[in-house]
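In what follows, a structure is listed as structure tokens, so that the remarks can point back to it.
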Amino acid sequence: MCIFFQLPVQAFEMALILPGREKFVDFYLLQQFPVRKYLSHLKLLKLFREAKDRQFFPEHVWEGILRYSLTQPIQPEFIVADLNKLISKLTGIRDYIDVYELSASAFGENTSVDVSTAERKAMNALLVFAALFNRPNLVKVLIKYSSEPLLQALFAESLYHGLYRNVSHFAMSEVLQFTCNQFAQIATDLLDKAVTVSPIRGHGILTRRFPDFNNKTPLEIAYDTNNKQFVAHTNVQSWLDQYYFNFVKVKGAWDNLKLFLSAIFIFPMYIWLSFPRLRKVPPVPSRDDIPSQDGVFRPKSAQDAEKILAKVQRIQAGEQAADRSTEVVPRPPFMEMLRAVWAAPAVRFYTWHMFYWMFLILICVDIMLPPCRFIGVDIAVFVLTISMWCEIVLRTVYDMQRFRRVHWVERSYDLISQTVFNILFFLYRIAPYRYDHPFAGRVILAFGIVYYCYRVWGWFYYMDKTIGPLIRVTVQMFRLDLSRWIVLIAPFLISTSLIFMGVINPDWPATGDDWRHAFYRGIFNLFGAFNNELEYTPACENPGTKVSPNSYLPSAPNGNRWIHKNRTGLADGQPDYRCWSGDYNNYNCATISFWSYFFVIQYYVFLKLGMGNMLTAFYVTRNIAAARQGPAVWKYHRCRIILDYATRTSLPPPFYALGYIYKMIRYCMKPKGSKGSHLSSGVATTGGNDSGDSFTYWKGLALEYFRGKEMQENMANMPRQQLDMLTGIQDDLTVLSKKLAAADRKILDVEESTKQTGVFMQDTAGHVMHKKQATLAEIAQPWPHKLARTSLYPGTTVARTFIPNDKVDWKEPLDDYRPEQFDGKSAKDKIAGSADDRPRSRKNSDISRKDSALNLQHVGGYNRADSRISDAVPLPSWITTSDKVPVDYSVNEYGLPLNPFGRTGLQGRGSLQRLGPNHKVFFAITNRQGDGFRFIVHQVPPKNISLLPQSVVGNEETEYGVACLILDAFLFDSNSLSGRDQDFSDIRSLQSMYDAVEKQVKGRLSSIIENFDRKPISLREVYRGYCDSPLNTDNAWLEVVVFQLSLPAFGIDRFTSYKWRVYSSDAGLPDFDAAIVRQLATEYSL
């Protein structure tokens, strides 16, 4: 079972519909997928309708070329009729796709064509679809598996050539032209490879006609699409050289002359010519002559075996000379040799060339003869010109019938020119009334001589290898550069010509002759200057010719004078001499003045030194630009001339009618199967056949070529791929080295952290050993601070930079000190051990700022927050010197405050409320019970952590007022400091605080405890200043104030969150809270 039966058709269809699926199509065609069984005209319509790449075809083909609307759907009539019209418009090939044969082959009903033909036509239709949707890679895949890859490559080139000529979008047109050149290169490479592998097949395909392409040859297809790259290729030109001589070999040099003389005198062809194409082709060996599968040649008989053995023995004995004897090849029949010589395009070319020069001699003699006396010469000229006109008409009809390219501009120029000349020549040189206008007849003949002499360039000189490229460049110079130069110089030429007449000869009569003289002077100054333009002449210097104010001029001219008059004969009411502009009475005399010299000199300078050199520059630029393309263009037009003369007759006008009659007779006598199979060269070429072996050969050649191209692309991309791989490896090594460096830094950080931890543990051990003996001030503000340098930051994974003890002070330099920055989201939620549970509705209870919004200013010992924050208030520092003078802390270059106790290894706000000092109040409520010392602790939910009553100080609050709020919460067992909406904002001293506290306590407890209002209470400030806390950073720190309130003994409900606790050495409080209680207990014991 074949593999293609296992391949789903839907997948092949989707690979065609979706762009970029060329590898899927390649895989299907490699497995010999039968495209003919898939592609019907309905499937082709579906491909055009459902193709996903909708950019090129709808915009540039459907709307741009076919002029349909983008909203108009593709109808079945497009496949049936419009598609072939579009192909004909783009390539000139008519009826390329037969939709009925496509559908019949797809449905298995087409028995008129074989399988290979049906497959080829289906592939042709797919190639058109791929080209119209601008999928060059898919077109290459289809060419790769085509049985006619060279034809398909040329056809794809012609499609893209037509597309880029009809697409108006400039950028897309350039892309299409580049793609067109790619397929031209593919066709050239395929031909080159074919000639290298098999010269007979490679050259033979150039003359084979293909029915799918209007019975054209590959060379005609390339020529019709202006494929200069293919036509100018070395192999094609080599074949054209042979075809130019009709494959007749000429011995020695002067091959054109020898071939032409052999055609004229006949006998030299036995000396100079050989006819390898007329030799009998040996018969194809039978299967018995083919070596067996084991590689051993099996002779047919014993006699053959004896001959082979005898030959081997002679070679072994050194008798090789017997095999080198020259075999005498008999010459072909005389008539075949004669027909081959006269059918050569070279012979036809020189025959017509020789006749044309004879015609030129005749027409030149005719113009020199006296008129009206040699009517026979005029009739001969007329007959020859009419025959040439008829020959051009016949060739035009022939080219149109064969769908060959017709250069309509050049052909129309020849037809119109010769038609007009023949009509006028007959009227003024042959008709009976020719005697009435003999000079007009001579002028018409002069125009004819000019036309026919100039046409020698394009008709005959172009074949010369030296003159041909020069003619092409010269034609472009005259057609492009000279016309542009004339446009540039025309305004200057017209103005200066009229200025000459108006300034040098100002009194020239206005009879029309002044315009002729101005034109004559301006035009002929292009080729040579009038040197005597401003010279003095003796005749003009006579006294009688000088104009003076008192001289009288008659009112009418006397032959050499001109007087300006109006209709009445008077000079506009003025004397006659006032209307005379020049210096002389004779208007032929030049008026010499400064302005005459000025205008003449500027004209010659601009013309000779400017515009003349500009024209030379145009020609040089054109020559340089045409030097690259000149040879290719000449080879292309040379091919046109050779193919043109291959279809002409061997006899020139007016005898070419006999040649056409002879060709028709030979065509009718040919067998039916051989008609139209090759070019009309007179010799049937032997270049390959139309058998399946030839198709298999070209298909295998295309597969080998494209596989070689793929290998070349892979090899070309291999250095880039290797470079990318090495670059990737280098990048990976760079990343790995960075990771290793980061690991090294982390190891160093771990070592440093371990060292820091050891130092901290030692400090902690010493602190634990001495904290019982240390005072509250020593614990709150040790030097250097310790808790503010502990890592990690509480509640986070942020690590501090290690700061040695001797580098804590800001005055000590510390290179590359760039600690990490941290700013918490909610200060209230992140302050560990805070008893501030005031609601968020309280002012400034949760301030969150970005660094860019902070602009701290150093103002007299405290910092002021950014004025853009509406509730910002001054925050004085509680840190004082021993003399009770507030510490004047500093700010850095960014305006951020600096911790007065030095570096902490972390910058930013941290989890505190604000940058700078953050104030907090601790309220110790104590009493005596017997010999014990008791204090109030607040069990903070949800974990019921025991803390001293405490709270942070918000904006517009004082520490005294906050202490009163703490006391109020204690007295009424509230977890909120604003539960009763008490206002203590006006309390700003310790004395006013004492009054408020006394009023609070006695007002609350007097009704509960008997005679409580008579018992004394005391209030004092225990500590105010810096607090060494893990929450501190370089730019934010904690400052506390500690108040003590001594109350008489009273009991508290056991269900409240406030409890009495008796002091012991292990109070279970945080360090700072425990230090407060310890100091108060110590003072109590004293």
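Every chain in the structure tokens has a letter given in the order shown (A, B, ...), and although residue numbers restart at 1 in each chain, ligands are simply numbered from 1 in the order shown.
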Set out as JSON lines a contact list for segment 862-926 of chain A and segment 1035-1050 of chain A with a cut-off of 7 Å, giving each residue of segment 862-926 of chain A that qualifies its closest atom pair and distance in Å to one decimal, counting only C-alpha atoms, ordered by chain and rising residue number.
{"residue": "A:Trp878", "atom": "CA", "partner": "A:Glu1039", "partner_atom": "CA", "distance": 6.5}
{"residue": "A:Leu896", "atom": "CA", "partner": "A:Asn1035", "partner_atom": "CA", "distance": 6.4}
{"residue": "A:Pro897", "atom": "CA", "partner": "A:Asn1035", "partner_atom": "CA", "distance": 5.2}
{"residue": "A:Leu898", "atom": "CA", "partner": "A:Asn1035", "partner_atom": "CA", "distance": 5.1}
{"residue": "A:Asn899", "atom": "CA", "partner": "A:Asn1035", "partner_atom": "CA", "distance": 5.7}
{"residue": "A:Gln907", "atom": "CA", "partner": "A:Asn1035", "partner_atom": "CA", "distance": 6.0}
{"residue": "A:Gly908", "atom": "CA", "partner": "A:Asn1035", "partner_atom": "CA", "distance": 5.7}
{"residue": "A:Arg909", "atom": "CA", "partner": "A:Ala1036", "partner_atom": "CA", "distance": 5.4}
{"residue": "A:Arg914", "atom": "CA", "partner": "A:Ala1036", "partner_atom": "CA", "distance": 6.8}
{"residue": "A:Leu915", "atom": "CA", "partner": "A:Ala1036", "partner_atom": "CA", "distance": 4.6}
{"residue": "A:Gly916", "atom": "CA", "partner": "A:Ala1036", "partner_atom": "CA", "distance": 4.5}
{"residue": "A:Pro917", "atom": "CA", "partner": "A:Trp1037", "partner_atom": "CA", "distance": 5.3}
{"residue": "A:Asn918", "atom": "CA", "partner": "A:Leu1038", "partner_atom": "CA", "distance": 4.8}
{"residue": "A:His919", "atom": "CA", "partner": "A:Glu1039", "partner_atom": "CA", "distance": 4.9}
{"residue": "A:Lys920", "atom": "CA", "partner": "A:Val1040", "partner_atom": "CA", "distance": 4.7}
{"residue": "A:Val921", "atom": "CA", "partner": "A:Val1041", "partner_atom": "CA", "distance": 5.1}
{"residue": "A:Phe922", "atom": "CA", "partner": "A:Val1042", "partner_atom": "CA", "distance": 4.7}
{"residue": "A:Phe923", "atom": "CA", "partner": "A:Phe1043", "partner_atom": "CA", "distance": 4.9}
{"residue": "A:Ala924", "atom": "CA", "partner": "A:Gln1044", "partner_atom": "CA", "distance": 4.7}
{"residue": "A:Ile925", "atom": "CA", "partner": "A:Leu1045", "partner_atom": "CA", "distance": 4.8}
{"residue": "A:Thr926", "atom": "CA", "partner": "A:Ser1046", "partner_atom": "CA", "distance": 4.9}
May I have the residues from that selection written out with N, CA, C and O atoms, as a PDB file, in the first residue's frame?
ATOM      1  N   TRP A 878      12.924  64.806  71.924  1.00  0.00           N
ATOM      2  CA  TRP A 878      12.985  64.657  73.375  1.00  0.00           C
ATOM      3  C   TRP A 878      14.395  64.328  73.860  1.00  0.00           C
ATOM      4  O   TRP A 878      14.617  64.175  75.052  1.00  0.00           O
ATOM      5  N   LEU A 896      16.865  64.050  54.446  1.00  0.00           N
ATOM      6  CA  LEU A 896      16.350  63.043  55.383  1.00  0.00           C
ATOM      7  C   LEU A 896      17.078  63.192  56.720  1.00  0.00           C
ATOM      8  O   LEU A 896      18.298  63.386  56.756  1.00  0.00           O
ATOM      9  N   PRO A 897      16.345  63.055  57.834  1.00  0.00           N
ATOM     10  CA  PRO A 897      16.983  63.200  59.154  1.00  0.00           C
ATOM     11  C   PRO A 897      17.904  62.018  59.445  1.00  0.00           C
ATOM     12  O   PRO A 897      17.693  60.912  58.947  1.00  0.00           O
ATOM     13  N   LEU A 898      18.911  62.281  60.243  1.00  0.00           N
ATOM     14  CA  LEU A 898      19.881  61.244  60.619  1.00  0.00           C
ATOM     15  C   LEU A 898      19.728  60.919  62.089  1.00  0.00           C
ATOM     16  O   LEU A 898      19.575  61.817  62.943  1.00  0.00           O
ATOM     17  N   ASN A 899      19.754  59.651  62.384  1.00  0.00           N
ATOM     18  CA  ASN A 899      19.605  59.162  63.761  1.00  0.00           C
ATOM     19  C   ASN A 899      20.716  59.773  64.631  1.00  0.00           C
ATOM     20  O   ASN A 899      21.904  59.632  64.317  1.00  0.00           O
ATOM     21  N   GLN A 907      18.148  52.034  56.139  1.00  0.00           N
ATOM     22  CA  GLN A 907      17.625  53.374  55.944  1.00  0.00           C
ATOM     23  C   GLN A 907      16.151  53.309  55.571  1.00  0.00           C
ATOM     24  O   GLN A 907      15.627  52.262  55.234  1.00  0.00           O
ATOM     25  N   GLY A 908      15.484  54.453  55.664  1.00  0.00           N
ATOM     26  CA  GLY A 908      14.065  54.512  55.399  1.00  0.00           C
ATOM     27  C   GLY A 908      13.278  54.742  56.681  1.00  0.00           C
ATOM     28  O   GLY A 908      13.820  55.058  57.748  1.00  0.00           O
ATOM     29  N   ARG A 909      11.975  54.563  56.586  1.00  0.00           N
ATOM     30  CA  ARG A 909      11.090  54.767  57.723  1.00  0.00           C
ATOM     31  C   ARG A 909      10.926  53.525  58.566  1.00  0.00           C
ATOM     32  O   ARG A 909      10.581  53.592  59.754  1.00  0.00           O
ATOM     33  N   ARG A 914       6.680  57.763  61.115  1.00  0.00           N
ATOM     34  CA  ARG A 914       7.210  58.882  60.361  1.00  0.00           C
ATOM     35  C   ARG A 914       8.721  58.840  60.397  1.00  0.00           C
ATOM     36  O   ARG A 914       9.317  58.141  61.225  1.00  0.00           O
ATOM     37  N   LEU A 915       9.329  59.598  59.478  1.00  0.00           N
ATOM     38  CA  LEU A 915      10.766  59.807  59.532  1.00  0.00           C
ATOM     39  C   LEU A 915      11.094  60.751  60.681  1.00  0.00           C
ATOM     40  O   LEU A 915      10.270  61.558  61.110  1.00  0.00           O
ATOM     41  N   GLY A 916      12.313  60.654  61.187  1.00  0.00           N
ATOM     42  CA  GLY A 916      12.701  61.485  62.308  1.00  0.00           C
ATOM     43  C   GLY A 916      12.257  60.860  63.631  1.00  0.00           C
ATOM     44  O   GLY A 916      12.051  59.646  63.742  1.00  0.00           O
ATOM     45  N   PRO A 917      12.070  61.663  64.670  1.00  0.00           N
ATOM     46  CA  PRO A 917      11.654  61.130  65.976  1.00  0.00           C
ATOM     47  C   PRO A 917      10.209  60.675  65.962  1.00  0.00           C
ATOM     48  O   PRO A 917       9.338  61.327  65.407  1.00  0.00           O
ATOM     49  N   ASN A 918       9.958  59.513  66.580  1.00  0.00           N
ATOM     50  CA  ASN A 918       8.617  58.969  66.771  1.00  0.00           C
ATOM     51  C   ASN A 918       8.385  58.877  68.288  1.00  0.00           C
ATOM     52  O   ASN A 918       9.069  58.116  68.986  1.00  0.00           O
ATOM     53  N   HIS A 919       7.437  59.668  68.807  1.00  0.00           N
ATOM     54  CA  HIS A 919       7.229  59.802  70.243  1.00  0.00           C
ATOM     55  C   HIS A 919       6.268  58.746  70.770  1.00  0.00           C
ATOM     56  O   HIS A 919       5.277  58.408  70.109  1.00  0.00           O
ATOM     57  N   LYS A 920       6.576  58.280  71.983  1.00  0.00           N
ATOM     58  CA  LYS A 920       5.758  57.256  72.627  1.00  0.00           C
ATOM     59  C   LYS A 920       5.724  57.515  74.142  1.00  0.00           C
ATOM     60  O   LYS A 920       6.729  57.943  74.718  1.00  0.00           O
ATOM     61  N   VAL A 921       4.579  57.215  74.749  1.00  0.00           N
ATOM     62  CA  VAL A 921       4.375  57.455  76.183  1.00  0.00           C
ATOM     63  C   VAL A 921       4.211  56.113  76.898  1.00  0.00           C
ATOM     64  O   VAL A 921       3.414  55.261  76.446  1.00  0.00           O
ATOM     65  N   PHE A 922       4.994  55.922  77.989  1.00  0.00           N
ATOM     66  CA  PHE A 922       4.834  54.778  78.897  1.00  0.00           C
ATOM     67  C   PHE A 922       4.280  55.316  80.225  1.00  0.00           C
ATOM     68  O   PHE A 922       4.830  56.261  80.794  1.00  0.00           O
ATOM     69  N   PHE A 923       3.214  54.712  80.711  1.00  0.00           N
ATOM     70  CA  PHE A 923       2.552  55.166  81.944  1.00  0.00           C
ATOM     71  C   PHE A 923       2.604  54.017  82.950  1.00  0.00           C
ATOM     72  O   PHE A 923       1.907  52.999  82.781  1.00  0.00           O
ATOM     73  N   ALA A 924       3.455  54.174  83.992  1.00  0.00           N
ATOM     74  CA  ALA A 924       3.588  53.164  85.051  1.00  0.00           C
ATOM     75  C   ALA A 924       2.685  53.551  86.221  1.00  0.00           C
ATOM     76  O   ALA A 924       2.900  54.574  86.900  1.00  0.00           O
ATOM     77  N   ILE A 925       1.646  52.746  86.479  1.00  0.00           N
ATOM     78  CA  ILE A 925       0.685  52.962  87.594  1.00  0.00           C
ATOM     79  C   ILE A 925       1.055  51.978  88.699  1.00  0.00           C
ATOM     80  O   ILE A 925       0.978  50.747  88.493  1.00  0.00           O
ATOM     81  N   THR A 926       1.482  52.484  89.833  1.00  0.00           N
ATOM     82  CA  THR A 926       2.025  51.647  90.915  1.00  0.00           C
ATOM     83  C   THR A 926       1.329  51.968  92.228  1.00  0.00           C
ATOM     84  O   THR A 926       0.671  52.996  92.379  1.00  0.00           O
TER      85      THR A 926
END
**Request:** List the neighbours of Tyr452 of chain A out to 12 Å using only C-alpha atoms; skip same-chain residues closer than 2 positions along the sequence, and give me the result as a PyMOL selection string.
**Result:** chain A and resi 356-364+381+384-385+388+414+417-418+421+445-450+454-460
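Restricting the calculation to only C-alpha atoms, the smallest distance between Asp53 of chain A and any of A:Tyr461, A:Arg21, A:Pro149, A:Leu787 is found for A:Arg21.
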**Request:** For Ser753 of chain A, please output as a list in words all residues within 12 Å (counting only C-alpha atoms; exclusion window: fewer than 2 positions along the same chain).
**Result:**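 My reading of the contact set: Arg745, Lys746, Ile747, Leu748, Asp749, Val750, Glu751, Lys755, Gln756, Thr757, Gly758, Val759, Phe760, Met761, Arg789, Thr790, Ser791, Leu792, Ala799, Arg800, Thr801, Phe802, Ile803 and Pro804 of chain A.
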**Item:** 12 Å contact set for Gln72 of chain A, only C-alpha atoms, chain neighbours under 3 positions out, as a VMD selection string
**Value:** chain A and resid 49 58 62 to 63 66 to 69 75 78
Let's have the selection written as a PDB file, in the first residue's frame, with C-alpha atoms.
ATOM      1  CA  ARG A  49     -11.890  32.019  -0.443  1.00  0.00           C
ATOM      2  CA  PRO A  58      -7.423  41.033  -1.656  1.00  0.00           C
ATOM      3  CA  TRP A  62      -8.558  41.439  -6.178  1.00  0.00           C
ATOM      4  CA  GLU A  63      -8.958  45.193  -5.747  1.00  0.00           C
ATOM      5  CA  LEU A  66      -9.126  43.032 -11.045  1.00  0.00           C
ATOM      6  CA  ARG A  67     -10.854  46.202  -9.716  1.00  0.00           C
ATOM      7  CA  TYR A  68     -13.287  44.332  -7.492  1.00  0.00           C
ATOM      8  CA  SER A  69     -14.473  45.654  -4.153  1.00  0.00           C
ATOM      9  CA  GLN A  75     -17.657  33.934  -7.051  1.00  0.00           C
ATOM     10  CA  PHE A  78     -13.598  33.903 -10.966  1.00  0.00           C
TER      11      PHE A  78
END
**Message:** Which residues are near Ile143 of chain A? Cut-off 9 Å, only C-alpha atoms, ignore same chain within fewer than 6 positions. Put them as a PyMOL selection string.
**Reply:** chain A and resi 123+127+149-153+156+699+702
Go ahead and dump the residues you just picked, N, CA and C atoms, as a compact mmCIF listing (two decimals), in the first residue's frame.
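After the write, out-v7.txt holds the following:
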# COMPACT_ATOMS: atom_id res chain seq x y z
N MET A 123 -0.70 20.67 -10.44
CA MET A 123 0.42 21.41 -9.83
C MET A 123 0.51 22.81 -10.42
N LEU A 127 0.35 26.29 -8.27
CA LEU A 127 1.42 27.29 -8.37
C LEU A 127 0.82 28.68 -8.60
N PRO A 149 10.29 21.51 -14.02
CA PRO A 149 10.73 22.56 -13.08
C PRO A 149 11.25 23.81 -13.76
N LEU A 150 11.94 23.65 -14.89
CA LEU A 150 12.46 24.83 -15.58
C LEU A 150 11.32 25.69 -16.10
N LEU A 151 10.31 25.05 -16.70
CA LEU A 151 9.15 25.80 -17.20
C LEU A 151 8.40 26.46 -16.05
N GLN A 152 8.23 25.74 -14.94
CA GLN A 152 7.49 26.30 -13.81
C GLN A 152 8.25 27.46 -13.18
N ALA A 153 9.58 27.37 -13.12
CA ALA A 153 10.35 28.49 -12.59
C ALA A 153 10.23 29.72 -13.48
N ALA A 156 6.69 31.05 -12.95
CA ALA A 156 6.60 31.79 -11.68
C ALA A 156 7.26 33.15 -11.81
N LYS A 699 12.56 16.07 -13.07
CA LYS A 699 12.05 16.05 -11.70
C LYS A 699 13.16 15.69 -10.72
N ALA A 702 15.46 18.68 -10.36
CA ALA A 702 14.94 19.72 -9.47
C ALA A 702 15.09 19.32 -8.02
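Separating atom CA of Gly502 of chain A from atom CA of Leu609 of chain A is a distance of 24.4 Å.
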**Message:** For a test of reading the model, state the distance in Å between atom CA of Leu498 of chain A and atom CA of Trp515 of chain A, rounded to one decimal.
**Reply:**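 Distance reported for this atom pair: 8.1 Å.
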**Asked** What are the DSSP helix (DSSP H, G or I) residues of segment 597-737 of chain A, as a ChimeraX atom specification?
**Response** /A:597-646,656-669,672-674,692-737
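Of note, atom CA of Gly932 of chain A and atom CA of Tyr1063 of chain A are spaced 7.2 Å apart.
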